$ cat structure_34.txt   # compact mmCIF, C-alpha atoms
# COMPACT_ATOMS: atom_id res chain seq x y z
CA MET A 1 -26.87 4.57 -49.25
CA GLU A 2 -28.17 7.22 -46.90
CA LYS A 3 -28.86 9.51 -49.81
CA ASP A 4 -30.83 6.74 -51.46
CA MET A 5 -32.95 6.38 -48.36
CA GLU A 6 -33.52 10.09 -48.26
CA ARG A 7 -34.62 10.13 -51.86
CA ARG A 8 -37.01 7.27 -51.33
CA LEU A 9 -38.46 9.15 -48.39
CA TYR A 10 -39.18 12.15 -50.59
CA ALA A 11 -40.53 9.96 -53.34
CA ASP A 12 -42.95 8.26 -50.97
CA THR A 13 -44.36 11.57 -49.90
CA GLY A 14 -45.07 12.73 -53.45
CA ALA A 15 -48.60 13.95 -53.50
CA PRO A 16 -51.34 11.78 -54.85
CA GLU A 17 -54.39 13.96 -55.21
CA GLY A 18 -56.79 14.19 -52.33
CA SER A 19 -54.57 12.30 -49.95
CA PRO A 20 -54.56 13.58 -46.37
CA VAL A 21 -51.65 15.75 -45.37
CA VAL A 22 -49.28 13.72 -43.25
CA ASN A 23 -46.41 15.18 -41.33
CA PRO A 24 -43.96 13.03 -39.45
CA ASP A 25 -44.56 13.18 -35.74
CA PRO A 26 -41.70 15.25 -34.33
CA ARG A 27 -41.90 13.40 -31.04
CA THR A 28 -40.74 10.26 -32.81
CA LEU A 29 -38.11 12.15 -34.80
CA GLY A 30 -36.28 13.95 -32.02
CA ASP A 31 -37.52 12.31 -28.87
CA SER A 32 -36.37 14.41 -25.95
CA SER A 33 -37.53 12.14 -23.15
CA ASN A 34 -34.80 9.59 -23.72
CA ILE A 35 -32.02 12.14 -24.05
CA GLN A 36 -29.43 11.36 -21.44
CA LEU A 37 -27.64 14.37 -20.08
CA PHE A 38 -25.62 13.12 -17.12
CA ASN A 39 -23.37 10.18 -16.35
CA GLU A 40 -23.10 8.45 -12.93
CA GLN A 41 -20.89 11.18 -11.46
CA LEU A 42 -23.48 13.80 -12.47
CA LYS A 43 -21.15 15.16 -15.10
CA LEU A 44 -22.45 16.19 -18.51
CA LEU A 45 -22.06 13.59 -21.21
CA ASN A 46 -21.60 16.11 -24.05
CA SER A 47 -22.85 13.45 -26.41
CA GLY A 48 -22.95 15.90 -29.33
CA LEU A 49 -19.17 16.22 -29.36
CA THR A 50 -16.50 13.88 -30.62
CA GLU A 51 -14.22 12.10 -28.14
CA GLU A 52 -11.35 14.49 -28.84
CA ASP A 53 -13.47 17.59 -28.46
CA ARG A 54 -14.92 16.51 -25.14
CA LEU A 55 -11.56 17.09 -23.47
CA ASN A 56 -11.63 20.73 -24.50
CA PHE A 57 -14.97 21.54 -22.91
CA CYS A 58 -16.30 21.68 -19.40
CA ASP A 59 -18.62 18.92 -18.24
CA THR A 60 -19.97 20.62 -15.13
CA PRO A 61 -23.62 21.64 -15.18
CA PRO A 62 -24.54 25.14 -13.98
CA GLU A 63 -24.96 25.64 -10.26
CA VAL A 64 -27.43 27.72 -8.32
CA ILE A 65 -25.67 30.65 -6.67
CA LYS A 66 -27.77 31.85 -3.79
CA PRO A 67 -28.07 35.60 -3.43
CA PHE A 68 -26.74 37.31 -0.31
CA ARG A 69 -29.22 38.73 2.15
CA GLY A 70 -30.02 42.19 3.40
CA HIS A 71 -28.32 45.45 2.55
CA TRP A 72 -25.33 43.91 0.80
CA GLU A 73 -27.54 42.19 -1.78
CA ASN A 74 -29.61 45.36 -2.13
CA PHE A 75 -26.47 47.30 -2.84
CA LEU A 76 -25.32 44.72 -5.40
CA ASN A 77 -28.72 44.73 -7.08
CA TRP A 78 -28.65 48.51 -7.29
CA ALA A 79 -25.22 48.32 -8.92
CA ARG A 80 -26.34 45.61 -11.34
CA SER A 81 -29.44 47.50 -12.36
CA GLU A 82 -27.51 50.70 -13.02
CA SER A 83 -24.97 49.11 -15.32
CA LEU A 84 -26.88 46.94 -17.76
CA TRP A 85 -24.62 45.89 -20.57
CA ILE A 86 -26.33 44.58 -23.65
CA LEU A 87 -24.86 41.74 -25.65
CA GLY A 88 -24.31 43.03 -29.17
CA PHE A 89 -26.02 40.16 -30.89
CA GLY A 90 -28.98 41.20 -33.02
CA THR A 91 -30.98 38.01 -33.17
CA GLY A 92 -33.91 39.18 -35.27
CA CYS A 93 -35.49 42.16 -36.99
CA GLY A 94 -36.04 43.79 -33.56
CA ALA A 95 -32.35 44.49 -33.21
CA ILE A 96 -32.89 47.47 -35.52
CA GLU A 97 -34.58 49.24 -32.61
CA LEU A 98 -31.35 49.20 -30.63
CA ARG A 99 -29.69 51.71 -32.98
CA PRO A 100 -32.05 54.61 -32.32
CA LEU A 101 -31.92 53.66 -28.67
CA MET A 102 -28.18 54.22 -28.62
CA THR A 103 -28.08 57.55 -30.38
CA SER A 104 -28.81 60.97 -28.99
CA ARG A 105 -32.59 61.06 -29.23
CA PHE A 106 -33.33 58.19 -26.85
CA ASP A 107 -29.82 57.88 -25.44
CA MET A 108 -29.77 54.71 -23.41
CA TYR A 109 -26.34 55.56 -22.04
CA GLN A 110 -27.97 57.99 -19.60
CA TYR A 111 -29.51 54.98 -17.87
CA GLY A 112 -26.25 53.08 -17.64
CA ILE A 113 -27.07 50.81 -20.56
CA GLN A 114 -24.53 50.17 -23.25
CA PRO A 115 -23.68 47.51 -25.81
CA ARG A 116 -20.81 45.10 -25.35
CA PRO A 117 -19.19 42.92 -27.99
CA THR A 118 -18.87 39.59 -26.18
CA PRO A 119 -21.13 37.46 -23.97
CA ARG A 120 -18.53 37.41 -21.20
CA GLN A 121 -18.79 41.15 -20.68
CA SER A 122 -22.51 41.58 -20.92
CA SER A 123 -25.31 41.06 -18.45
CA ILE A 124 -28.45 41.50 -20.54
CA PHE A 125 -29.45 39.68 -23.68
CA VAL A 126 -32.04 41.39 -25.89
CA ILE A 127 -33.77 38.82 -28.08
CA GLY A 128 -34.79 41.02 -30.97
CA GLY A 129 -37.98 39.46 -32.27
CA TYR A 130 -38.39 36.10 -33.95
CA ALA A 131 -35.98 33.36 -32.97
CA SER A 132 -35.60 30.76 -35.66
CA VAL A 133 -34.38 27.32 -34.76
CA LYS A 134 -31.03 28.06 -36.34
CA THR A 135 -30.65 31.24 -34.30
CA MET A 136 -31.88 29.45 -31.19
CA LYS A 137 -28.74 27.35 -31.23
CA ARG A 138 -26.60 30.51 -31.19
CA ILE A 139 -28.84 32.14 -28.59
CA VAL A 140 -28.43 29.18 -26.23
CA ARG A 141 -24.71 29.18 -26.76
CA SER A 142 -24.35 32.91 -26.13
CA TYR A 143 -26.74 32.91 -23.20
CA GLU A 144 -24.83 30.18 -21.42
CA GLN A 145 -21.54 31.98 -21.94
CA MET A 146 -22.77 35.12 -20.22
CA GLN A 147 -21.73 35.51 -16.61
CA GLY A 148 -24.41 35.56 -13.97
CA PRO A 149 -26.45 37.34 -12.86
CA LYS A 150 -27.82 37.67 -16.38
CA PHE A 151 -31.11 38.94 -17.67
CA VAL A 152 -33.11 38.37 -20.85
CA LEU A 153 -35.41 40.85 -22.50
CA GLY A 154 -37.88 39.43 -25.02
CA LEU A 155 -38.51 42.14 -27.59
CA GLY A 156 -41.56 41.98 -29.84
CA SER A 157 -44.57 39.72 -30.13
CA CYS A 158 -42.62 36.86 -31.69
CA THR A 159 -40.85 36.08 -28.44
CA ILE A 160 -44.17 35.96 -26.58
CA ASN A 161 -46.29 33.67 -28.72
CA GLY A 162 -44.68 33.53 -32.15
CA GLY A 163 -46.31 36.74 -33.37
CA MET A 164 -46.96 36.75 -37.09
CA TYR A 165 -44.75 33.67 -37.45
CA TYR A 166 -46.88 31.56 -35.08
CA ASP A 167 -47.41 28.88 -37.76
CA SER A 168 -43.90 28.88 -39.18
CA TYR A 169 -41.96 25.64 -39.22
CA ASN A 170 -38.82 27.42 -38.24
CA THR A 171 -39.70 29.99 -35.56
CA VAL A 172 -40.08 29.08 -31.91
CA ASN A 173 -43.35 30.18 -30.38
CA ARG A 174 -42.47 30.66 -26.74
CA LEU A 175 -39.00 31.84 -25.93
CA ASP A 176 -39.35 31.10 -22.21
CA HIS A 177 -39.36 27.37 -22.84
CA TYR A 178 -35.77 27.59 -24.06
CA ILE A 179 -34.15 30.26 -21.92
CA PRO A 180 -35.59 32.14 -18.91
CA VAL A 181 -37.02 35.54 -19.80
CA ASP A 182 -37.32 38.43 -17.34
CA VAL A 183 -39.28 41.04 -19.29
CA TYR A 184 -41.35 40.91 -22.45
CA ILE A 185 -42.07 43.94 -24.59
CA ALA A 186 -45.13 43.49 -26.76
CA GLY A 187 -45.42 45.07 -30.19
CA CYS A 188 -44.44 44.51 -33.76
CA MET A 189 -42.18 46.48 -33.72
CA PRO A 190 -42.18 48.18 -30.33
CA ARG A 191 -40.94 51.75 -30.44
CA PRO A 192 -37.68 52.64 -28.69
CA GLU A 193 -39.81 54.27 -25.96
CA ALA A 194 -41.36 50.88 -25.27
CA LEU A 195 -37.92 49.37 -25.13
CA LEU A 196 -36.85 52.01 -22.61
CA ALA A 197 -39.96 51.29 -20.55
CA GLY A 198 -39.07 47.60 -20.62
CA LEU A 199 -35.55 48.35 -19.49
CA MET A 200 -36.87 50.50 -16.63
CA GLU A 201 -39.16 47.61 -15.69
CA LEU A 202 -36.15 45.31 -15.71
CA LYS A 203 -34.32 47.69 -13.38
CA THR A 204 -37.22 47.55 -10.94
CA ILE A 205 -37.22 43.77 -11.10
CA ILE A 206 -33.50 43.60 -10.42
CA LYS A 207 -33.72 46.06 -7.53
CA GLU A 208 -36.48 44.00 -5.96
CA GLY A 209 -34.24 40.95 -6.19
CA ARG A 210 -36.45 39.11 -8.70
CA GLY A 211 -33.91 38.95 -11.53
CA GLU A 212 -32.97 35.35 -10.86
CA GLY A 213 -33.00 34.04 -14.42
CA ALA A 214 -29.59 32.40 -14.20
CA ASN A 215 -30.57 30.47 -11.08
CA LYS A 216 -33.86 29.46 -12.65
CA TYR A 217 -31.92 28.13 -15.59
CA ALA A 218 -29.61 26.13 -13.32
CA GLU A 219 -32.51 24.73 -11.29
CA ASN A 220 -34.50 23.61 -14.33
CA PHE A 221 -31.48 22.77 -16.42
CA GLU A 222 -32.75 19.39 -17.60
CA TRP A 223 -36.12 20.75 -18.63
CA TYR A 224 -34.53 23.56 -20.65
CA LYS A 225 -32.07 21.15 -22.24
CA ALA A 226 -34.83 18.71 -23.20
CA ASN A 227 -36.79 21.52 -24.85
CA GLN A 228 -33.73 22.83 -26.65
CA LYS A 229 -32.64 19.44 -27.89
CA ARG A 230 -36.12 18.71 -29.12
CA ILE A 231 -35.86 21.45 -31.74
CA ILE A 232 -32.09 21.67 -32.34
CA LYS A 233 -31.58 18.42 -34.20
CA ASP A 234 -27.88 18.70 -35.03
CA TRP A 235 -26.55 19.31 -31.56
CA ASN A 236 -22.81 19.56 -32.19
CA MET A 237 -21.83 21.74 -29.25
CA PRO A 238 -21.25 21.01 -25.57
CA ASP A 239 -24.29 20.52 -23.37
CA TYR A 240 -23.34 23.51 -21.27
CA ASN A 241 -21.26 26.15 -22.99
CA TRP A 242 -19.02 27.51 -20.34
CA MET B 1 -39.07 38.40 -77.42
CA ASN B 2 -37.67 38.26 -80.89
CA ILE B 3 -40.02 35.98 -82.85
CA GLU B 4 -37.20 34.73 -85.05
CA LEU B 5 -35.31 33.58 -82.02
CA TYR B 6 -38.39 31.77 -80.78
CA LYS B 7 -38.89 29.99 -84.12
CA ASN B 8 -35.25 29.07 -84.08
CA LEU B 9 -35.49 27.60 -80.60
CA GLU B 10 -38.73 25.83 -81.47
CA ASN B 11 -37.01 24.02 -84.33
CA SER B 12 -33.83 23.09 -82.52
CA PHE B 13 -34.97 22.50 -78.93
CA GLY B 14 -38.72 21.86 -79.07
CA VAL B 15 -39.56 24.99 -77.13
CA THR B 16 -43.30 25.54 -76.67
CA SER B 17 -45.91 28.00 -75.39
CA LEU B 18 -44.29 31.39 -75.67
CA GLU B 19 -45.83 33.80 -73.22
CA VAL B 20 -44.93 37.45 -73.72
CA LYS B 21 -45.53 39.45 -70.56
CA ASN B 22 -44.21 42.71 -71.93
CA ARG B 23 -41.47 44.14 -74.12
CA ASN B 24 -38.76 43.03 -71.73
CA GLN B 25 -40.03 39.80 -70.33
CA SER B 26 -41.25 36.50 -71.74
CA TYR B 27 -41.51 32.87 -70.77
CA ILE B 28 -41.04 29.64 -72.67
CA ARG B 29 -41.49 26.01 -71.78
CA VAL B 30 -39.21 23.14 -72.66
CA LYS B 31 -38.95 19.45 -71.94
CA LYS B 32 -36.71 18.21 -69.15
CA GLU B 33 -34.18 16.52 -71.48
CA MET B 34 -33.68 19.64 -73.61
CA ALA B 35 -33.49 22.14 -70.77
CA VAL B 36 -29.75 22.22 -70.13
CA PRO B 37 -28.80 22.15 -73.85
CA LEU B 38 -31.23 25.04 -74.38
CA ILE B 39 -29.80 27.05 -71.50
CA THR B 40 -26.25 26.37 -72.71
CA HIS B 41 -27.22 27.55 -76.18
CA LEU B 42 -28.89 30.68 -74.81
CA LYS B 43 -25.86 31.51 -72.73
CA LEU B 44 -23.14 30.84 -75.27
CA VAL B 45 -24.83 31.88 -78.51
CA GLU B 46 -27.82 34.08 -77.79
CA SER B 47 -26.24 36.43 -75.24
CA TYR B 48 -28.44 35.44 -72.26
CA LYS B 49 -25.39 35.54 -70.05
CA HIS B 50 -26.88 36.37 -66.68
CA LEU B 51 -28.73 33.95 -64.42
CA SER B 52 -31.11 36.22 -62.51
CA PHE B 53 -32.57 33.49 -60.36
CA PHE B 54 -33.50 29.86 -60.34
CA THR B 55 -36.49 28.67 -58.37
CA ILE B 56 -39.21 26.04 -58.17
CA ILE B 57 -42.98 26.35 -58.17
CA ASP B 58 -44.79 23.43 -56.58
CA GLN B 59 -47.77 22.59 -58.82
CA ILE B 60 -49.23 19.97 -56.53
CA GLU B 61 -52.52 19.85 -58.46
CA LYS B 62 -50.72 18.77 -61.62
CA GLY B 63 -48.37 16.51 -59.69
CA GLU B 64 -45.28 18.30 -60.91
CA PHE B 65 -42.63 20.82 -60.01
CA GLU B 66 -42.04 23.74 -62.32
CA LEU B 67 -38.40 24.76 -62.43
CA LEU B 68 -37.98 28.36 -63.46
CA TYR B 69 -34.64 29.52 -64.84
CA MET B 70 -34.66 33.27 -65.29
CA LEU B 71 -32.03 34.49 -67.73
CA HIS B 72 -31.17 38.04 -68.66
CA SER B 73 -29.54 39.40 -71.75
CA TYR B 74 -27.78 42.74 -71.45
CA SER B 75 -27.50 43.36 -75.16
CA ARG B 76 -31.17 42.59 -75.84
CA ASN B 77 -32.32 44.14 -72.55
CA HIS B 78 -34.59 41.17 -72.11
CA ASP B 79 -35.56 38.67 -69.40
CA LEU B 80 -36.29 35.14 -70.52
CA GLY B 81 -37.88 32.62 -68.18
CA ILE B 82 -37.46 28.97 -69.01
CA ILE B 83 -40.04 26.72 -67.36
CA VAL B 84 -39.27 23.03 -67.04
CA SER B 85 -41.83 20.63 -65.59
CA ILE B 86 -40.59 17.59 -63.71
CA GLU B 87 -42.54 14.85 -61.98
CA ARG B 88 -43.03 15.28 -58.26
CA HIS B 89 -41.85 11.80 -57.47
CA GLU B 90 -38.89 11.72 -59.85
CA THR B 91 -37.04 14.68 -58.56
CA ASP B 92 -33.78 14.49 -60.47
CA MET B 93 -32.61 17.37 -62.59
CA GLU B 94 -29.44 18.06 -64.48
CA SER B 95 -27.19 20.57 -62.78
CA ILE B 96 -26.21 23.89 -64.38
CA HIS B 97 -23.33 24.71 -62.04
CA HIS B 98 -20.87 24.30 -64.93
CA LEU B 99 -22.50 27.31 -66.63
CA TRP B 100 -22.82 29.56 -63.60
CA PRO B 101 -20.91 28.58 -60.45
CA ALA B 102 -23.48 30.57 -58.45
CA ALA B 103 -26.14 28.08 -59.46
CA GLU B 104 -24.79 25.60 -56.96
CA THR B 105 -26.13 27.76 -54.13
CA TYR B 106 -29.58 27.79 -55.72
CA GLN B 107 -29.44 24.05 -56.16
CA ARG B 108 -28.39 23.54 -52.57
CA GLU B 109 -31.36 25.57 -51.44
CA LEU B 110 -33.79 23.76 -53.72
CA ARG B 111 -32.49 20.40 -52.56
CA GLU B 112 -33.14 21.40 -48.99
CA MET B 113 -36.46 23.17 -49.43
CA PHE B 114 -38.09 20.96 -52.10
CA GLY B 115 -36.03 17.78 -52.13
CA VAL B 116 -35.11 18.12 -55.79
CA GLU B 117 -31.76 16.49 -56.48
CA PHE B 118 -29.08 17.88 -58.77
CA PRO B 119 -26.49 15.12 -59.15
CA ASP B 120 -22.84 16.28 -59.29
CA SER B 121 -23.64 19.74 -58.00
CA PRO B 122 -20.91 20.57 -55.46
CA GLY B 123 -21.90 20.85 -51.81
CA LEU B 124 -25.43 19.71 -52.52
CA TYR B 125 -25.93 18.13 -49.12
CA GLU B 126 -24.47 20.93 -47.05
CA ASN B 127 -26.80 22.90 -44.82
CA PHE B 128 -28.25 25.92 -46.53
CA CYS B 129 -30.82 27.40 -44.19
CA LEU B 130 -32.12 24.56 -42.06
CA GLU B 131 -29.81 22.60 -39.84
CA GLY B 132 -30.47 18.94 -39.30
CA TRP B 133 -33.91 18.93 -40.89
CA GLU B 134 -35.70 15.60 -40.81
CA GLY B 135 -38.73 14.60 -42.83
CA ILE B 136 -40.47 16.29 -45.74
CA PRO B 137 -38.75 19.37 -47.13
CA PRO B 138 -40.68 22.31 -45.76
CA MET B 139 -41.48 24.21 -48.96
CA ARG B 140 -43.36 21.30 -50.49
CA ARG B 141 -47.03 22.07 -50.39
CA GLU B 142 -48.09 18.85 -48.76
CA PHE B 143 -46.06 19.89 -45.73
CA ASP B 144 -48.47 21.36 -43.19
CA THR B 145 -46.43 24.08 -41.54
CA LYS B 146 -49.11 25.06 -39.01
CA ARG B 147 -49.48 21.55 -37.74
CA TYR B 148 -45.73 21.06 -37.62
CA SER B 149 -45.44 24.25 -35.57
CA GLU B 150 -48.16 23.11 -33.19
CA ASP B 151 -46.52 19.72 -32.73
CA THR B 152 -42.98 21.01 -32.33
CA PHE B 153 -43.15 24.32 -30.51
CA TYR B 154 -45.03 25.24 -27.37
CA LYS B 155 -48.14 27.30 -27.87
CA ARG B 156 -48.97 30.03 -25.46
CA PRO B 157 -52.68 29.92 -24.68
CA GLY B 158 -54.79 33.02 -25.11
CA ARG B 159 -53.84 34.00 -28.61
CA GLU B 160 -56.65 35.60 -30.60
CA THR B 161 -56.60 35.89 -34.35
CA ASN B 162 -58.91 38.15 -36.31
CA ASP B 163 -59.70 38.02 -39.97
CA PRO B 164 -58.14 41.33 -41.04
CA ALA B 165 -60.79 42.30 -43.60
CA LYS B 166 -63.67 41.62 -41.23
CA TYR B 167 -61.94 43.26 -38.32
CA MET B 168 -61.18 46.42 -40.30
CA LYS B 169 -64.77 46.70 -41.46
CA GLU B 170 -66.09 46.35 -37.95
CA LYS B 171 -63.59 48.76 -36.42
CA ILE B 172 -63.44 51.42 -39.08
CA TYR B 173 -67.01 51.29 -40.43
CA PRO B 174 -69.05 49.87 -37.54
CA SER B 175 -72.41 51.12 -38.79
CA GLU B 176 -71.93 49.68 -42.26
CA ALA B 177 -70.47 46.38 -41.14
CA GLU B 178 -73.90 44.91 -40.58
CA THR B 179 -74.98 45.49 -44.16
CA TRP B 180 -71.83 44.00 -45.74

$ encode --input "structure_34.txt" --output "structure tokens"
Amino acid sequence: MEKDMERRLYADTGAPEGSPVVNPDPRTLGDSSNIQLFNEQLKLLNSGLTEEDRLNFCDTPPEVIKPFRGHWENFLNWARSESLWILGFGTGCGAIELRPLMTSRFDMYQYGIQPRPTPRQSSIFVIGGYASVKTMKRIVRSYEQMQGPKFVLGLGSCTINGGMYYDSYNTVNRLDHYIPVDVYIAGCMPRPEALLAGLMELKTIIKEGRGEGANKYAENFEWYKANQKRIIKDWNMPDYNW
Amino acid sequence: MNIELYKNLENSFGVTSLEVKNRNQSYIRVKKEMAVPLITHLKLVESYKHLSFFTIIDQIEKGEFELLYMLHSYSRNHDLGIIVSIERHETDMESIHHLWPAAETYQRELREMFGVEFPDSPGLYENFCLEGWEGIPPMRREFDTKRYSEDTFYKRPGRETNDPAKYMKEKIYPSEAETW
């Protein structure tokens, strides 16, 4: 029955000549304003999961963790900035720039930067170029699993405004509407030198105490979720992946 | 393409409009009903054993989809493209997964990207590339991808786009750009 409906939908949109191009309004398809995230006890509903699966996942939304003050926080920020561990998840074509960065010519290890295999161990997420909607789902999931304080580096023009894929149906235009971004590196592709410069910039930001992406995410959790759910139509994971 | 083979196919399957691109590549057209019998014959009898690819060209001006089956014969060292036109609003086509199991992946993709149905093809409604897509399949030409992008994603203001040819002329040959 559903298949029949689908077929009729396609058939109706078959192109008579000269007819105006009509796309369905995405706001009516995946309306994000009426998405309900919380129940009365301010716990996450996890409406994308089945009843059985809900028991296996956490229903607590992220919390803002206030930074300490004074020298202690400065010391922690220094330590954080000197041991940036990259999540080994190459999300786009830009991930190819991480290989020369690792090896002897550019040698990111001298700055305390190294790749890690799992989100739990890493503190910095490099979004390597274009993020398609399908990848966005995995990006959100990995980002939420990382332990705070966590930082995001948008690599390449695609993360800034869509780059050469600005009119693609499947590539998000602005990454910072879906996860908080600390530093952008412009270019298509940026050289490894540019990447190093971006990482140095990130270190400065962390040392100044401005690397508060995780807290920003927790504060604006509903806004980020609404944006994410607007594009990720088959949401079959928990609302907060912890 | 061997002209005898073409004559043969013309008589038995109603193949038309042979187009020889070069020594190793040619294209033929056939009606929708005869397509799968023709492909079966080519595979089993005429040594076109390899399915190189299977794709669709959206001929929106003619109101039809052109299905292109590209076959390859190792013994003849020849590529043969079989073009089948189907109506844009009657998008049913016989499946060829019984000839090449790999064809089911192509058919899954074409179902998702063009909305062409291949009944009985296994896993036809599984996700191929898009997940949870709603509305018109995106590779159809009436789908306006730019407008969809503007409606769905958030634009960052301040983007400038230059026409590459014009921009190059002005930047590389500034003095001559005025006369062009």

$ closest_residue --input "structure_34.txt" --among "B:Gln25, B:Gln59, B:Gln107, B:Ser73" --to "chain A" --atoms "only C-alpha atoms"
B:Gln59

$ residues_around --input "structure_34.txt" --residues "Thr145 in chain B" --least-positions-apart "5" --cutoff "7 Å" --atoms "all atoms listed in the file" --output "JSON, numbers by chain"
{"A": [167, 168, 169]}

$ closest_residue --input "structure_34.txt" --among "A:Leu196, A:Val133, A:Ala186, A:Met237" --to "Tyr109 in chain A" --atoms "all atoms listed in the file"
A:Leu196

$ interface_residues --input "structure_34.txt" --of "chain B" --to "chain A" --cutoff "10 Å" --atoms "all atoms listed in the file" --output "PDB file with C-alpha atoms, keeping the file's coordinate frame"
ATOM      1  CA  ILE B  60     -49.230  19.970 -56.530  1.00  0.00           C
ATOM      2  CA  GLU B  61     -52.520  19.850 -58.460  1.00  0.00           C
ATOM      3  CA  LYS B  62     -50.720  18.770 -61.620  1.00  0.00           C
ATOM      4  CA  GLY B  63     -48.370  16.510 -59.690  1.00  0.00           C
ATOM      5  CA  GLU B  64     -45.280  18.300 -60.910  1.00  0.00           C
ATOM      6  CA  GLU B  87     -42.540  14.850 -61.980  1.00  0.00           C
ATOM      7  CA  ARG B  88     -43.030  15.280 -58.260  1.00  0.00           C
ATOM      8  CA  HIS B  89     -41.850  11.800 -57.470  1.00  0.00           C
ATOM      9  CA  GLU B  90     -38.890  11.720 -59.850  1.00  0.00           C
ATOM     10  CA  THR B  91     -37.040  14.680 -58.560  1.00  0.00           C
ATOM     11  CA  ASP B  92     -33.780  14.490 -60.470  1.00  0.00           C
ATOM     12  CA  PHE B 114     -38.090  20.960 -52.100  1.00  0.00           C
ATOM     13  CA  GLY B 115     -36.030  17.780 -52.130  1.00  0.00           C
ATOM     14  CA  VAL B 116     -35.110  18.120 -55.790  1.00  0.00           C
ATOM     15  CA  GLU B 117     -31.760  16.490 -56.480  1.00  0.00           C
ATOM     16  CA  TYR B 125     -25.930  18.130 -49.120  1.00  0.00           C
ATOM     17  CA  CYS B 129     -30.820  27.400 -44.190  1.00  0.00           C
ATOM     18  CA  LEU B 130     -32.120  24.560 -42.060  1.00  0.00           C
ATOM     19  CA  GLU B 131     -29.810  22.600 -39.840  1.00  0.00           C
ATOM     20  CA  GLY B 132     -30.470  18.940 -39.300  1.00  0.00           C
ATOM     21  CA  TRP B 133     -33.910  18.930 -40.890  1.00  0.00           C
ATOM     22  CA  GLU B 134     -35.700  15.600 -40.810  1.00  0.00           C
ATOM     23  CA  GLY B 135     -38.730  14.600 -42.830  1.00  0.00           C
ATOM     24  CA  ILE B 136     -40.470  16.290 -45.740  1.00  0.00           C
ATOM     25  CA  PRO B 137     -38.750  19.370 -47.130  1.00  0.00           C
ATOM     26  CA  PRO B 138     -40.680  22.310 -45.760  1.00  0.00           C
ATOM     27  CA  MET B 139     -41.480  24.210 -48.960  1.00  0.00           C
ATOM     28  CA  ARG B 140     -43.360  21.300 -50.490  1.00  0.00           C
ATOM     29  CA  ARG B 141     -47.030  22.070 -50.390  1.00  0.00           C
ATOM     30  CA  GLU B 142     -48.090  18.850 -48.760  1.00  0.00           C
ATOM     31  CA  PHE B 143     -46.060  19.890 -45.730  1.00  0.00           C
ATOM     32  CA  ASP B 144     -48.470  21.360 -43.190  1.00  0.00           C
ATOM     33  CA  THR B 145     -46.430  24.080 -41.540  1.00  0.00           C
ATOM     34  CA  LYS B 146     -49.110  25.060 -39.010  1.00  0.00           C
ATOM     35  CA  ARG B 147     -49.480  21.550 -37.740  1.00  0.00           C
ATOM     36  CA  TYR B 148     -45.730  21.060 -37.620  1.00  0.00           C
ATOM     37  CA  SER B 149     -45.440  24.250 -35.570  1.00  0.00           C
ATOM     38  CA  GLU B 150     -48.160  23.110 -33.190  1.00  0.00           C
ATOM     39  CA  ASP B 151     -46.520  19.720 -32.730  1.00  0.00           C
ATOM     40  CA  THR B 152     -42.980  21.010 -32.330  1.00  0.00           C
ATOM     41  CA  PHE B 153     -43.150  24.320 -30.510  1.00  0.00           C
ATOM     42  CA  TYR B 154     -45.030  25.240 -27.370  1.00  0.00           C
ATOM     43  CA  LYS B 155     -48.140  27.300 -27.870  1.00  0.00           C
ATOM     44  CA  ARG B 156     -48.970  30.030 -25.460  1.00  0.00           C
ATOM     45  CA  PRO B 157     -52.680  29.920 -24.680  1.00  0.00           C
ATOM     46  CA  GLY B 158     -54.790  33.020 -25.110  1.00  0.00           C
ATOM     47  CA  ARG B 159     -53.840  34.000 -28.610  1.00  0.00           C
TER      48      ARG B 159
END

$ residues_around --input "structure_34.txt" --residues "Arg23 in chain B" --least-positions-apart "6" --cutoff "12 Å" --atoms "all atoms listed in the file" --output "number ranges by chain"
B: 1-2, 76-80

$ atom_distance --input "structure_34.txt" --atom1 "CA of Ile206 in chain A" --atom2 "CA of Arg80 in chain A"
7.5 Å

$ residues_around --input "structure_34.txt" --residues "Ile82 in chain B" --least-positions-apart "5" --cutoff "6 Å" --atoms "all atoms listed in the file" --output "number ranges by chain"
B: 27-29, 68-69

$ residues_around --input "structure_34.txt" --residues "Ser12 in chain B" --least-positions-apart "2" --cutoff "12 Å" --atoms "all atoms listed in the file" --output "list in words"
Leu5, Tyr6, Lys7, Asn8, Leu9, Glu10, Gly14, Val15, Thr16, Val30, Met34, Ala35, Pro37, Leu38, His41 and Leu42 of chain B

$ closest_residue --input "structure_34.txt" --among "A:Asn215, A:Ser47, A:Thr60, A:Thr204" --to "Asn74 in chain A" --atoms "all atoms listed in the file"
A:Thr204

$ residues_near_point --input "structure_34.txt" --point "(-24.0, 36.3, -73.7)" --cutoff "12 Å" --atoms "all atoms listed in the file" --output "ChimeraX atom specification"
/B:39-51,71-78,99

$ closest_residue --input "structure_34.txt" --among "A:Cys188, A:Ala197, A:Val183, A:Cys158" --to "Gly211 in chain A" --atoms "only C-alpha atoms"
A:Val183

$ atom_distance --input "structure_34.txt" --atom1 "CA of Ala95 in chain A" --atom2 "CA of Tyr106 in chain B"
28.2 Å

$ residues_around --input "structure_34.txt" --residues "Arg138 in chain A" --least-positions-apart "3" --cutoff "12 Å" --atoms "only C-alpha atoms" --output "MDAnalysis selection string"
chainID A and resid 89:91 119 127 131:135 141:145 178:179 228 232 235:237 241

$ atom_distance --input "structure_34.txt" --atom1 "CA of Leu124 in chain B" --atom2 "CA of Pro101 in chain B"
12.7 Å

$ closest_residue --input "structure_34.txt" --among "A:Lys229, A:Leu98, A:Pro238, A:Gly156" --to "Thr50 in chain A" --atoms "all atoms listed in the file"
A:Pro238
